[in-house]
$ cat input_14.pdb   # PDB, C-alpha atoms and all ligand atoms
ATOM      1  CA  MET M 106       0.000   0.000   0.000  1.00  0.00           C
ATOM      2  CA  ASN M 107       2.785   2.412   0.916  1.00  0.00           C
ATOM      3  CA  ILE M 108       4.409   2.146  -2.498  1.00  0.00           C
ATOM      4  CA  TYR M 109       1.063   2.870  -4.215  1.00  0.00           C
ATOM      5  CA  LEU M 110       0.580   6.064  -2.225  1.00  0.00           C
ATOM      6  CA  PHE M 111       4.111   7.132  -3.143  1.00  0.00           C
ATOM      7  CA  ILE M 112       3.508   6.442  -6.850  1.00  0.00           C
ATOM      8  CA  ILE M 113       0.147   8.253  -6.821  1.00  0.00           C
ATOM      9  CA  GLY M 114       1.998  11.157  -5.196  1.00  0.00           C
ATOM     10  CA  LEU M 115       4.606  11.131  -7.988  1.00  0.00           C
ATOM     11  CA  ILE M 116       1.852  11.252 -10.618  1.00  0.00           C
ATOM     12  CA  ILE M 117      -0.049  14.043  -8.838  1.00  0.00           C
ATOM     13  CA  GLY M 118       3.326  15.798  -8.501  1.00  0.00           C
ATOM     14  CA  SER M 119       3.801  15.766 -12.250  1.00  0.00           C
ATOM     15  CA  PHE M 120       0.336  17.334 -12.588  1.00  0.00           C
ATOM     16  CA  LEU M 121       1.352  19.968 -10.001  1.00  0.00           C
ATOM     17  CA  ASN M 122       4.341  20.763 -12.245  1.00  0.00           C
ATOM     18  CA  VAL M 123       1.879  21.639 -15.015  1.00  0.00           C
ATOM     19  CA  ILE M 124      -0.037  23.922 -12.623  1.00  0.00           C
ATOM     20  CA  ILE M 125       3.182  25.549 -11.363  1.00  0.00           C
ATOM     21  CA  TYR M 126       4.409  26.098 -14.908  1.00  0.00           C
ATOM     22  CA  ARG M 127       1.173  27.204 -16.590  1.00  0.00           C
ATOM     23  CA  LEU M 128      -1.076  28.876 -14.004  1.00  0.00           C
ATOM     24  CA  PRO M 129       1.040  32.031 -13.452  1.00  0.00           C
ATOM     25  CA  GLU M 130       1.234  32.561 -17.231  1.00  0.00           C
ATOM     26  CA  GLY M 131      -2.518  32.293 -17.524  1.00  0.00           C
ATOM     27  CA  SER M 132      -2.343  29.366 -19.941  1.00  0.00           C
ATOM     28  CA  SER M 133      -4.777  26.482 -19.765  1.00  0.00           C
ATOM     29  CA  ILE M 134      -3.928  23.517 -17.553  1.00  0.00           C
ATOM     30  CA  ILE M 135      -5.619  21.060 -19.930  1.00  0.00           C
ATOM     31  CA  THR M 136      -4.579  22.195 -23.435  1.00  0.00           C
ATOM     32  CA  PRO M 137      -2.232  22.048 -25.210  1.00  0.00           C
ATOM     33  CA  PRO M 138      -0.917  18.620 -24.160  1.00  0.00           C
ATOM     34  CA  SER M 139       2.476  18.535 -22.422  1.00  0.00           C
ATOM     35  CA  HIS M 140       5.244  19.717 -24.705  1.00  0.00           C
ATOM     36  CA  CYS M 141       8.850  20.813 -24.446  1.00  0.00           C
ATOM     37  CA  PRO M 142       8.836  24.580 -23.748  1.00  0.00           C
ATOM     38  CA  LYS M 143      11.864  25.030 -26.017  1.00  0.00           C
ATOM     39  CA  CYS M 144      11.298  22.917 -29.140  1.00  0.00           C
ATOM     40  CA  GLY M 145       7.555  22.445 -28.730  1.00  0.00           C
ATOM     41  CA  THR M 146       7.705  18.707 -29.350  1.00  0.00           C
ATOM     42  CA  ARG M 147       4.664  17.018 -27.901  1.00  0.00           C
ATOM     43  CA  LEU M 148       5.794  14.665 -25.134  1.00  0.00           C
ATOM     44  CA  LYS M 149       5.091  10.962 -25.395  1.00  0.00           C
ATOM     45  CA  VAL M 150       3.996   8.723 -22.550  1.00  0.00           C
ATOM     46  CA  ILE M 151       7.609   7.664 -21.963  1.00  0.00           C
ATOM     47  CA  ASP M 152       8.609  11.329 -21.421  1.00  0.00           C
ATOM     48  CA  LEU M 153       5.918  11.811 -18.802  1.00  0.00           C
ATOM     49  CA  ILE M 154       6.973   9.096 -16.354  1.00  0.00           C
ATOM     50  CA  PRO M 155       7.744  10.999 -13.136  1.00  0.00           C
ATOM     51  CA  VAL M 156      11.425  11.222 -12.094  1.00  0.00           C
ATOM     52  CA  LEU M 157      12.490   8.232 -14.264  1.00  0.00           C
ATOM     53  CA  SER M 158      12.121  10.051 -17.586  1.00  0.00           C
ATOM     54  CA  PHE M 159      14.195  12.908 -16.147  1.00  0.00           C
ATOM     55  CA  LEU M 160      16.908  10.498 -14.986  1.00  0.00           C
ATOM     56  CA  SER M 161      16.930   8.478 -18.212  1.00  0.00           C
ATOM     57  CA  THR M 162      17.738  11.546 -20.345  1.00  0.00           C
ATOM     58  CA  GLY M 163      20.118  13.128 -17.845  1.00  0.00           C
ATOM     59  CA  GLY M 164      17.721  16.024 -17.284  1.00  0.00           C
ATOM     60  CA  LYS M 165      17.516  17.025 -20.939  1.00  0.00           C
ATOM     61  CA  CYS M 166      14.739  17.144 -23.537  1.00  0.00           C
ATOM     62  CA  ARG M 167      14.902  13.903 -25.541  1.00  0.00           C
ATOM     63  CA  TYR M 168      14.281  15.836 -28.775  1.00  0.00           C
ATOM     64  CA  CYS M 169      16.298  19.056 -28.591  1.00  0.00           C
ATOM     65  CA  ASN M 170      18.681  18.411 -25.667  1.00  0.00           C
ATOM     66  CA  THR M 171      17.583  21.543 -23.795  1.00  0.00           C
ATOM     67  CA  LYS M 172      18.245  21.221 -20.080  1.00  0.00           C
ATOM     68  CA  ILE M 173      15.077  20.582 -18.054  1.00  0.00           C
ATOM     69  CA  SER M 174      14.773  22.259 -14.655  1.00  0.00           C
ATOM     70  CA  ILE M 175      15.609  19.992 -11.698  1.00  0.00           C
ATOM     71  CA  GLN M 176      12.449  21.478 -10.176  1.00  0.00           C
ATOM     72  CA  TYR M 177      10.300  18.984 -12.092  1.00  0.00           C
ATOM     73  CA  PRO M 178      11.616  15.808 -10.392  1.00  0.00           C
ATOM     74  CA  ILE M 179      11.930  17.678  -7.068  1.00  0.00           C
ATOM     75  CA  VAL M 180       8.201  18.569  -7.098  1.00  0.00           C
ATOM     76  CA  GLU M 181       7.329  14.980  -8.049  1.00  0.00           C
ATOM     77  CA  LEU M 182       9.488  13.413  -5.329  1.00  0.00           C
ATOM     78  CA  LEU M 183       8.280  15.903  -2.723  1.00  0.00           C
ATOM     79  CA  THR M 184       4.633  15.146  -3.546  1.00  0.00           C
ATOM     80  CA  GLY M 185       5.300  11.396  -3.484  1.00  0.00           C
ATOM     81  CA  PHE M 186       7.021  11.694  -0.125  1.00  0.00           C
ATOM     82  CA  PHE M 187       4.227  13.754   1.453  1.00  0.00           C
ATOM     83  CA  PHE M 188       1.508  11.450   0.077  1.00  0.00           C
ATOM     84  CA  LEU M 189       3.240   8.501   1.709  1.00  0.00           C
ATOM     85  CA  ALA M 190       3.869  10.401   4.955  1.00  0.00           C
ATOM     86  CA  ALA M 191       0.229  11.551   5.132  1.00  0.00           C
ATOM     87  CA  TYR M 192      -0.991   8.000   4.618  1.00  0.00           C
ATOM     88  CA  LEU M 193       1.277   6.734   7.407  1.00  0.00           C
ATOM     89  CA  LYS M 194       0.002   9.497   9.697  1.00  0.00           C
ATOM     90  CA  PHE M 195      -3.746   9.451   8.943  1.00  0.00           C
ATOM     91  CA  GLY M 196      -4.439   6.019   7.424  1.00  0.00           C
ATOM     92  CA  PHE M 197      -7.447   5.715   5.127  1.00  0.00           C
ATOM     93  CA  THR M 198      -9.570   8.481   6.626  1.00  0.00           C
ATOM     94  CA  VAL M 199     -11.427  11.542   5.420  1.00  0.00           C
ATOM     95  CA  GLN M 200      -8.581  13.583   6.876  1.00  0.00           C
ATOM     96  CA  LEU M 201      -6.096  11.844   4.569  1.00  0.00           C
ATOM     97  CA  PHE M 202      -7.908  12.987   1.424  1.00  0.00           C
ATOM     98  CA  ILE M 203      -8.506  16.493   2.745  1.00  0.00           C
ATOM     99  CA  TYR M 204      -4.869  16.930   3.742  1.00  0.00           C
ATOM    100  CA  LEU M 205      -3.595  15.421   0.469  1.00  0.00           C
ATOM    101  CA  LEU M 206      -5.591  18.101  -1.351  1.00  0.00           C
ATOM    102  CA  LEU M 207      -4.265  20.831   0.946  1.00  0.00           C
ATOM    103  CA  ILE M 208      -0.651  19.596   0.712  1.00  0.00           C
ATOM    104  CA  SER M 209      -0.858  19.460  -3.100  1.00  0.00           C
ATOM    105  CA  ALA M 210      -2.101  23.055  -3.142  1.00  0.00           C
ATOM    106  CA  LEU M 211       0.632  24.142  -0.707  1.00  0.00           C
ATOM    107  CA  ILE M 212       3.353  22.564  -2.879  1.00  0.00           C
ATOM    108  CA  SER M 213       2.014  24.427  -5.946  1.00  0.00           C
ATOM    109  CA  VAL M 214       1.807  27.718  -4.019  1.00  0.00           C
ATOM    110  CA  THR M 215       5.333  27.278  -2.637  1.00  0.00           C
ATOM    111  CA  PHE M 216       6.955  26.908  -6.046  1.00  0.00           C
ATOM    112  CA  ILE M 217       4.775  29.527  -7.786  1.00  0.00           C
ATOM    113  CA  ASP M 218       5.386  32.141  -5.081  1.00  0.00           C
ATOM    114  CA  TYR M 219       9.108  31.325  -4.997  1.00  0.00           C
ATOM    115  CA  GLN M 220       9.405  31.855  -8.772  1.00  0.00           C
ATOM    116  CA  TYR M 221       6.845  34.536  -9.566  1.00  0.00           C
ATOM    117  CA  MET M 222       6.222  36.267  -6.213  1.00  0.00           C
ATOM    118  CA  ILE M 223       2.490  35.720  -6.576  1.00  0.00           C
ATOM    119  CA  ILE M 224      -0.064  33.406  -4.999  1.00  0.00           C
ATOM    120  CA  PRO M 225      -2.796  32.912  -7.614  1.00  0.00           C
ATOM    121  CA  ASN M 226      -6.405  33.558  -6.591  1.00  0.00           C
ATOM    122  CA  LYS M 227      -7.211  30.603  -8.828  1.00  0.00           C
ATOM    123  CA  ILE M 228      -5.719  28.437  -6.079  1.00  0.00           C
ATOM    124  CA  THR M 229      -6.689  30.272  -2.874  1.00  0.00           C
ATOM    125  CA  TYR M 230     -10.356  31.070  -3.682  1.00  0.00           C
ATOM    126  CA  PRO M 231     -11.365  27.502  -4.600  1.00  0.00           C
ATOM    127  CA  LEU M 232      -9.433  26.232  -1.553  1.00  0.00           C
ATOM    128  CA  ILE M 233     -11.412  28.488   0.799  1.00  0.00           C
ATOM    129  CA  VAL M 234     -14.704  27.278  -0.701  1.00  0.00           C
ATOM    130  CA  ILE M 235     -13.623  23.605  -0.579  1.00  0.00           C
ATOM    131  CA  SER M 236     -12.458  23.971   3.038  1.00  0.00           C
ATOM    132  CA  LEU M 237     -15.897  25.245   4.095  1.00  0.00           C
ATOM    133  CA  LEU M 238     -17.732  22.627   2.036  1.00  0.00           C
ATOM    134  CA  SER M 239     -15.677  19.775   3.493  1.00  0.00           C
ATOM    135  CA  ALA M 240     -16.275  21.119   7.006  1.00  0.00           C
ATOM    136  CA  ILE M 241     -20.014  21.031   6.241  1.00  0.00           C
ATOM    137  CA  ILE M 242     -19.986  17.563   4.613  1.00  0.00           C
ATOM    138  CA  PHE M 243     -17.475  15.778   6.868  1.00  0.00           C
ATOM    139  CA  ASP M 244     -17.101  16.148  10.599  1.00  0.00           C
ATOM    140  CA  TYR M 245     -13.313  16.253  10.909  1.00  0.00           C
ATOM    141  CA  ILE M 246     -13.671  19.934  11.878  1.00  0.00           C
ATOM    142  CA  THR M 247     -16.767  21.941  12.878  1.00  0.00           C
ATOM    143  CA  ILE M 248     -18.155  24.579  10.514  1.00  0.00           C
ATOM    144  CA  PHE M 249     -17.605  27.152  13.247  1.00  0.00           C
ATOM    145  CA  GLN M 250     -13.920  26.106  13.605  1.00  0.00           C
ATOM    146  CA  SER M 251     -13.497  26.308   9.849  1.00  0.00           C
ATOM    147  CA  LEU M 252     -15.069  29.793   9.710  1.00  0.00           C
ATOM    148  CA  LEU M 253     -12.897  31.055  12.563  1.00  0.00           C
ATOM    149  CA  GLY M 254      -9.939  29.525  10.743  1.00  0.00           C
ATOM    150  CA  ILE M 255     -10.760  31.483   7.609  1.00  0.00           C
ATOM    151  CA  VAL M 256     -11.224  34.782   9.452  1.00  0.00           C
ATOM    152  CA  ILE M 257      -8.766  35.001  12.383  1.00  0.00           C
ATOM    153  CA  PRO M 258      -5.322  34.173  10.853  1.00  0.00           C
ATOM    154  CA  SER M 259      -6.045  36.143   7.661  1.00  0.00           C
ATOM    155  CA  LEU M 260      -7.246  39.160   9.654  1.00  0.00           C
ATOM    156  CA  LEU M 261      -4.028  39.071  11.654  1.00  0.00           C
ATOM    157  CA  LEU M 262      -1.898  38.928   8.492  1.00  0.00           C
ATOM    158  CA  LEU M 263      -4.000  41.730   6.999  1.00  0.00           C
ATOM    159  CA  ILE M 264      -3.190  43.934  10.001  1.00  0.00           C
ATOM    160  CA  VAL M 265       0.501  42.990   9.775  1.00  0.00           C
ATOM    161  CA  ALA M 266       0.431  43.772   6.042  1.00  0.00           C
ATOM    162  CA  PHE M 267      -0.978  47.228   6.755  1.00  0.00           C
ATOM    163  CA  ILE M 268       1.511  48.027   9.522  1.00  0.00           C
ATOM    164  CA  PHE M 269       4.623  46.737   7.724  1.00  0.00           C
ATOM    165  CA  LYS M 270       3.885  47.765   4.165  1.00  0.00           C
ATOM    166  CA  GLY M 271       5.639  45.781   1.459  1.00  0.00           C
ATOM    167  CA  GLY M 272       6.606  42.567   3.193  1.00  0.00           C
ATOM    168  CA  MET M 273       3.360  40.734   2.891  1.00  0.00           C
ATOM    169  CA  GLY M 274       0.841  40.683   0.098  1.00  0.00           C
ATOM    170  CA  MET M 275      -2.869  40.005  -0.223  1.00  0.00           C
ATOM    171  CA  GLY M 276      -1.942  36.596  -1.642  1.00  0.00           C
ATOM    172  CA  ASP M 277      -0.473  35.661   1.739  1.00  0.00           C
ATOM    173  CA  VAL M 278      -3.644  36.855   3.499  1.00  0.00           C
ATOM    174  CA  LYS M 279      -5.862  34.705   1.258  1.00  0.00           C
ATOM    175  CA  LEU M 280      -3.491  31.756   1.646  1.00  0.00           C
ATOM    176  CA  ALA M 281      -3.812  32.023   5.451  1.00  0.00           C
ATOM    177  CA  ALA M 282      -7.616  32.057   5.077  1.00  0.00           C
ATOM    178  CA  ALA M 283      -7.512  28.911   2.920  1.00  0.00           C
ATOM    179  CA  ILE M 284      -5.248  27.017   5.322  1.00  0.00           C
ATOM    180  CA  GLY M 285      -7.350  28.184   8.277  1.00  0.00           C
ATOM    181  CA  GLY M 286     -10.519  26.861   6.663  1.00  0.00           C
ATOM    182  CA  PHE M 287      -8.966  23.387   6.690  1.00  0.00           C
ATOM    183  CA  MET M 288      -6.943  23.394   9.904  1.00  0.00           C
ATOM    184  CA  GLY M 289      -8.759  25.810  12.221  1.00  0.00           C
ATOM    185  CA  TRP M 290      -7.374  29.080  13.568  1.00  0.00           C
ATOM    186  CA  SER M 291      -5.037  27.772  16.310  1.00  0.00           C
ATOM    187  CA  TYR M 292      -3.110  25.329  14.114  1.00  0.00           C
ATOM    188  CA  THR M 293      -2.938  27.897  11.328  1.00  0.00           C
ATOM    189  CA  LEU M 294      -1.592  30.645  13.599  1.00  0.00           C
ATOM    190  CA  ALA M 295       0.962  28.228  15.037  1.00  0.00           C
ATOM    191  CA  GLY M 296       1.942  27.279  11.479  1.00  0.00           C
ATOM    192  CA  ILE M 297       2.361  30.922  10.451  1.00  0.00           C
ATOM    193  CA  PHE M 298       4.458  31.521  13.578  1.00  0.00           C
ATOM    194  CA  ILE M 299       6.721  28.530  12.845  1.00  0.00           C
ATOM    195  CA  GLY M 300       6.948  29.550   9.189  1.00  0.00           C
ATOM    196  CA  SER M 301       7.922  33.120  10.135  1.00  0.00           C
ATOM    197  CA  LEU M 302      10.648  31.778  12.436  1.00  0.00           C
ATOM    198  CA  PHE M 303      11.987  29.651   9.578  1.00  0.00           C
ATOM    199  CA  GLY M 304      11.754  32.601   7.205  1.00  0.00           C
ATOM    200  CA  SER M 305      13.643  34.913   9.579  1.00  0.00           C
ATOM    201  CA  ILE M 306      16.398  32.365  10.194  1.00  0.00           C
ATOM    202  CA  ILE M 307      16.843  31.661   6.482  1.00  0.00           C
ATOM    203  CA  GLY M 308      16.530  35.347   5.505  1.00  0.00           C
ATOM    204  CA  LEU M 309      19.092  36.465   8.111  1.00  0.00           C
ATOM    205  CA  SER M 310      21.470  33.627   7.188  1.00  0.00           C
ATOM    206  CA  LEU M 311      21.301  34.518   3.483  1.00  0.00           C
ATOM    207  CA  MET M 312      21.936  38.175   4.391  1.00  0.00           C
ATOM    208  CA  GLY M 313      24.805  37.206   6.683  1.00  0.00           C
ATOM    209  CA  LEU M 314      26.384  35.150   3.920  1.00  0.00           C
ATOM    210  CA  GLY M 315      25.942  38.070   1.526  1.00  0.00           C
ATOM    211  CA  ILE M 316      23.810  35.990  -0.838  1.00  0.00           C
ATOM    212  CA  ILE M 317      20.956  38.487  -0.710  1.00  0.00           C
ATOM    213  CA  GLY M 318      20.865  42.185   0.105  1.00  0.00           C
ATOM    214  CA  ARG M 319      18.991  43.881   2.941  1.00  0.00           C
ATOM    215  CA  LYS M 320      16.356  45.065   0.488  1.00  0.00           C
ATOM    216  CA  THR M 321      15.829  41.773  -1.345  1.00  0.00           C
ATOM    217  CA  ARG M 322      12.198  40.735  -1.196  1.00  0.00           C
ATOM    218  CA  ILE M 323      11.720  37.179   0.006  1.00  0.00           C
ATOM    219  CA  PRO M 324       8.318  35.623  -0.737  1.00  0.00           C
ATOM    220  CA  PHE M 325       6.499  34.790   2.497  1.00  0.00           C
ATOM    221  CA  GLY M 326       4.099  32.240   0.978  1.00  0.00           C
ATOM    222  CA  PRO M 327       6.543  29.300   0.961  1.00  0.00           C
ATOM    223  CA  PHE M 328       7.198  29.785   4.688  1.00  0.00           C
ATOM    224  CA  ILE M 329       3.475  29.864   5.503  1.00  0.00           C
ATOM    225  CA  CYS M 330       3.219  26.591   3.542  1.00  0.00           C
ATOM    226  CA  ILE M 331       6.164  25.005   5.372  1.00  0.00           C
ATOM    227  CA  GLY M 332       4.658  26.006   8.727  1.00  0.00           C
ATOM    228  CA  ALA M 333       1.253  24.614   7.725  1.00  0.00           C
ATOM    229  CA  VAL M 334       2.758  21.286   6.628  1.00  0.00           C
ATOM    230  CA  ILE M 335       4.677  21.029   9.918  1.00  0.00           C
ATOM    231  CA  MET M 336       1.384  21.584  11.776  1.00  0.00           C
ATOM    232  CA  ILE M 337      -0.411  18.956   9.653  1.00  0.00           C
ATOM    233  CA  PHE M 338       2.130  16.327  10.679  1.00  0.00           C
ATOM    234  CA  PHE M 339       3.289  17.472  14.121  1.00  0.00           C
ATOM    235  CA  GLY M 340       0.536  19.868  15.282  1.00  0.00           C
ATOM    236  CA  ASP M 341      -0.973  17.422  17.778  1.00  0.00           C
ATOM    237  CA  ILE M 342       2.469  16.594  19.224  1.00  0.00           C
ATOM    238  CA  LEU M 343       3.476  20.262  19.434  1.00  0.00           C
ATOM    239  CA  PHE M 344       0.231  21.318  21.120  1.00  0.00           C
ATOM    240  CA  ASN M 345       0.435  18.460  23.653  1.00  0.00           C
ATOM    241  CA  TRP M 346       4.005  19.370  24.457  1.00  0.00           C
ATOM    242  CA  TYR M 347       3.083  23.029  24.789  1.00  0.00           C
ATOM    243  CA  LEU M 348       0.105  22.329  27.079  1.00  0.00           C
ATOM    244  CA  ASN M 349       2.236  20.044  29.242  1.00  0.00           C
ATOM    245  CA  LEU M 350       4.529  22.981  29.986  1.00  0.00           C
ATOM    246  CA  PHE M 351       1.725  24.482  32.046  1.00  0.00           C
ATOM    247  CA  ILE M 352       0.553  21.400  33.927  1.00  0.00           C
TER     248      ILE M 352
HETATM  249 ZN    ZN M 401      12.776  20.050 -26.573  1.00  0.00          ZN
END

$ encode --input "input_14.pdb" --output "structure tokens"
Amino acid sequence: MNIYLFIIGLIIGSFLNVIIYRLPEGSSIITPPSHCPKCGTRLKVIDLIPVLSFLSTGGKCRYCNTKISIQYPIVELLTGFFFLAAYLKFGFTVQLFIYLLLISALISVTFIDYQYMIIPNKITYPLIVISLLSAIIFDYITIFQSLLGIVIPSLLLLIVAFIFKGGMGMGDVKLAAAIGGFMGWSYTLAGIFIGSLFGSIIGLSLMGLGIIGRKTRIPFGPFICIGAVIMIFFGDILFNWYLNLFI
């Protein structure tokens, strides 16, 4: 079973690559069929096998030898890994499918925001709606919890965005709302906090090493996503540990 979840993750990951590559440019996800961005050759089934097709050609297009970004197999492997990890954590439950959807969206957002400095509404708006609908249909979270999750963390980020102009964008605010709709406000806030810590450490290290300047804008979205994923997998452990500090 484990290997199946991993393989399904790889396949979904290769679909996420299409989203990451096409959504910010406004092109359709469905048409045209996958093709090499350089020579335009339509890819055959053998070229679409996750990770393996990349390895078999040494990371180059089979038809024109253009180098293919290492990001493609990385996204596929990452998705495969998280699908497997989520299955091991949640088993075959409603939560598994809900979190697989959320994790897939977070992976797309991470790579899109990292490359283009935007978080598409085409991802966040549907996510917010789906989070509310799944709270209504399934009982893994109450509707009230989901609503609070949509409102509280995003409101906080909105205030932060107004006070410190520039750092955060409306995309981050909507992303927080979407995550909150799935995870509830407390987990989402904890995730944003952990993500900000990560972001500060990495930002300061890169500045210290002279890799980026003081003014360089670092997208915040990927760190919100990292924090959210940490809370999906370790939220219960972290909250238990935190509560035990006071008992
Ligand atoms: Zn090519």

$ closest_atom_pairs --input "input_14.pdb" --of "chain M" --to "ligand ZN 401 (chain M)" --cutoff "12 Å" --atoms "only C-alpha atoms and all ligand atoms" --output "JSON lines"
{"residue": "M:Ser139", "atom": "CA", "partner": "M:ZN401", "partner_atom": "ZN", "distance": 11.2}
{"residue": "M:His140", "atom": "CA", "partner": "M:ZN401", "partner_atom": "ZN", "distance": 7.8}
{"residue": "M:Cys141", "atom": "CA", "partner": "M:ZN401", "partner_atom": "ZN", "distance": 4.5}
{"residue": "M:Pro142", "atom": "CA", "partner": "M:ZN401", "partner_atom": "ZN", "distance": 6.6}
{"residue": "M:Lys143", "atom": "CA", "partner": "M:ZN401", "partner_atom": "ZN", "distance": 5.1}
{"residue": "M:Cys144", "atom": "CA", "partner": "M:ZN401", "partner_atom": "ZN", "distance": 4.1}
{"residue": "M:Gly145", "atom": "CA", "partner": "M:ZN401", "partner_atom": "ZN", "distance": 6.1}
{"residue": "M:Thr146", "atom": "CA", "partner": "M:ZN401", "partner_atom": "ZN", "distance": 5.9}
{"residue": "M:Arg147", "atom": "CA", "partner": "M:ZN401", "partner_atom": "ZN", "distance": 8.8}
{"residue": "M:Leu148", "atom": "CA", "partner": "M:ZN401", "partner_atom": "ZN", "distance": 8.9}
{"residue": "M:Lys149", "atom": "CA", "partner": "M:ZN401", "partner_atom": "ZN", "distance": 12.0}
{"residue": "M:Asp152", "atom": "CA", "partner": "M:ZN401", "partner_atom": "ZN", "distance": 11.0}
{"residue": "M:Thr162", "atom": "CA", "partner": "M:ZN401", "partner_atom": "ZN", "distance": 11.7}
{"residue": "M:Gly164", "atom": "CA", "partner": "M:ZN401", "partner_atom": "ZN", "distance": 11.3}
{"residue": "M:Lys165", "atom": "CA", "partner": "M:ZN401", "partner_atom": "ZN", "distance": 8.0}
{"residue": "M:Cys166", "atom": "CA", "partner": "M:ZN401", "partner_atom": "ZN", "distance": 4.6}
{"residue": "M:Arg167", "atom": "CA", "partner": "M:ZN401", "partner_atom": "ZN", "distance": 6.6}
{"residue": "M:Tyr168", "atom": "CA", "partner": "M:ZN401", "partner_atom": "ZN", "distance": 5.0}
{"residue": "M:Cys169", "atom": "CA", "partner": "M:ZN401", "partner_atom": "ZN", "distance": 4.2}
{"residue": "M:Asn170", "atom": "CA", "partner": "M:ZN401", "partner_atom": "ZN", "distance": 6.2}
{"residue": "M:Thr171", "atom": "CA", "partner": "M:ZN401", "partner_atom": "ZN", "distance": 5.7}
{"residue": "M:Lys172", "atom": "CA", "partner": "M:ZN401", "partner_atom": "ZN", "distance": 8.6}
{"residue": "M:Ile173", "atom": "CA", "partner": "M:ZN401", "partner_atom": "ZN", "distance": 8.8}

$ closest_residue --input "input_14.pdb" --among "M:Pro155, M:Gly254, M:Gly318, M:Gly286" --to "Gly185 of chain M" --atoms "only C-alpha atoms"
M:Pro155

$ resolve_selection --input "input_14.pdb" --expression "the PyMOL selection byres (((chain M and resi 302-310) around 10) and not hetatm)" --output "JSON, numbers by chain"
{"M": [296, 297, 298, 299, 300, 301, 311, 312, 313, 314, 315, 316, 317, 318, 319, 321, 322, 323, 324, 325, 326, 327, 328, 329, 331, 332]}

$ atom_distance --input "input_14.pdb" --atom1 "atom CA of Tyr126 of chain M" --atom2 "atom CA of Leu182 of chain M"
16.7 Å

$ closest_residue --input "input_14.pdb" --among "M:Phe267, M:Phe159, M:Phe249, M:Phe187" --to "Ile113 of chain M" --atoms "only C-alpha atoms"
M:Phe187

$ residues_around --input "input_14.pdb" --residues "Val156 of chain M" --least-positions-apart "6" --cutoff "8 Å" --atoms "only C-alpha atoms" --output "list in words"
Leu115, Tyr177, Pro178, Glu181 and Leu182 of chain M

$ atom_distance --input "input_14.pdb" --atom1 "atom CA of Gly285 of chain M" --atom2 "atom CA of Ala190 of chain M"
21.3 Å

$ resolve_selection --input "input_14.pdb" --expression "the PyMOL selection byres (((chain M and resi 207-223) around 8) and not hetatm)" --output "list in words"
Ile117, Gly118, Leu121, Asn122, Ile124, Ile125, Tyr126, Pro129, Val180, Thr184, Phe187, Ile203, Tyr204, Leu205, Leu206, Ile224, Pro225, Ile228, Leu232, Gly276, Ile284, Phe287, Pro324, Gly326, Pro327, Phe328, Cys330 and Val334 of chain M

$ closest_residue --input "input_14.pdb" --among "M:Trp290, M:Leu350, M:Gln176, M:Thr229" --to "Met275 of chain M" --atoms "all atoms listed in the file"
M:Thr229

$ atom_distance --input "input_14.pdb" --atom1 "atom CA of Val256 of chain M" --atom2 "atom CA of Val278 of chain M"
9.9 Å

$ residues_around --input "input_14.pdb" --residues "segment 258-265 of chain M" --least-positions-apart "5" --cutoff "6 Å" --atoms "all atoms listed in the file" --output "list in words"
Val278, Ala281, Ala282 and Leu294 of chain M

$ closest_residue --input "input_14.pdb" --among "M:Ala283, M:Leu343, M:Val123, M:Ile151" --to "Pro138 of chain M" --atoms "only C-alpha atoms"
M:Val123

$ residues_around --input "input_14.pdb" --residues "Tyr109 of chain M" --least-positions-apart "3" --cutoff "12 Å" --atoms "all atoms listed in the file" --output "list in words"
Met106, Ile112, Ile113, Gly114, Leu115, Ile116, Gly185, Phe186, Phe188, Leu189 and Tyr192 of chain M
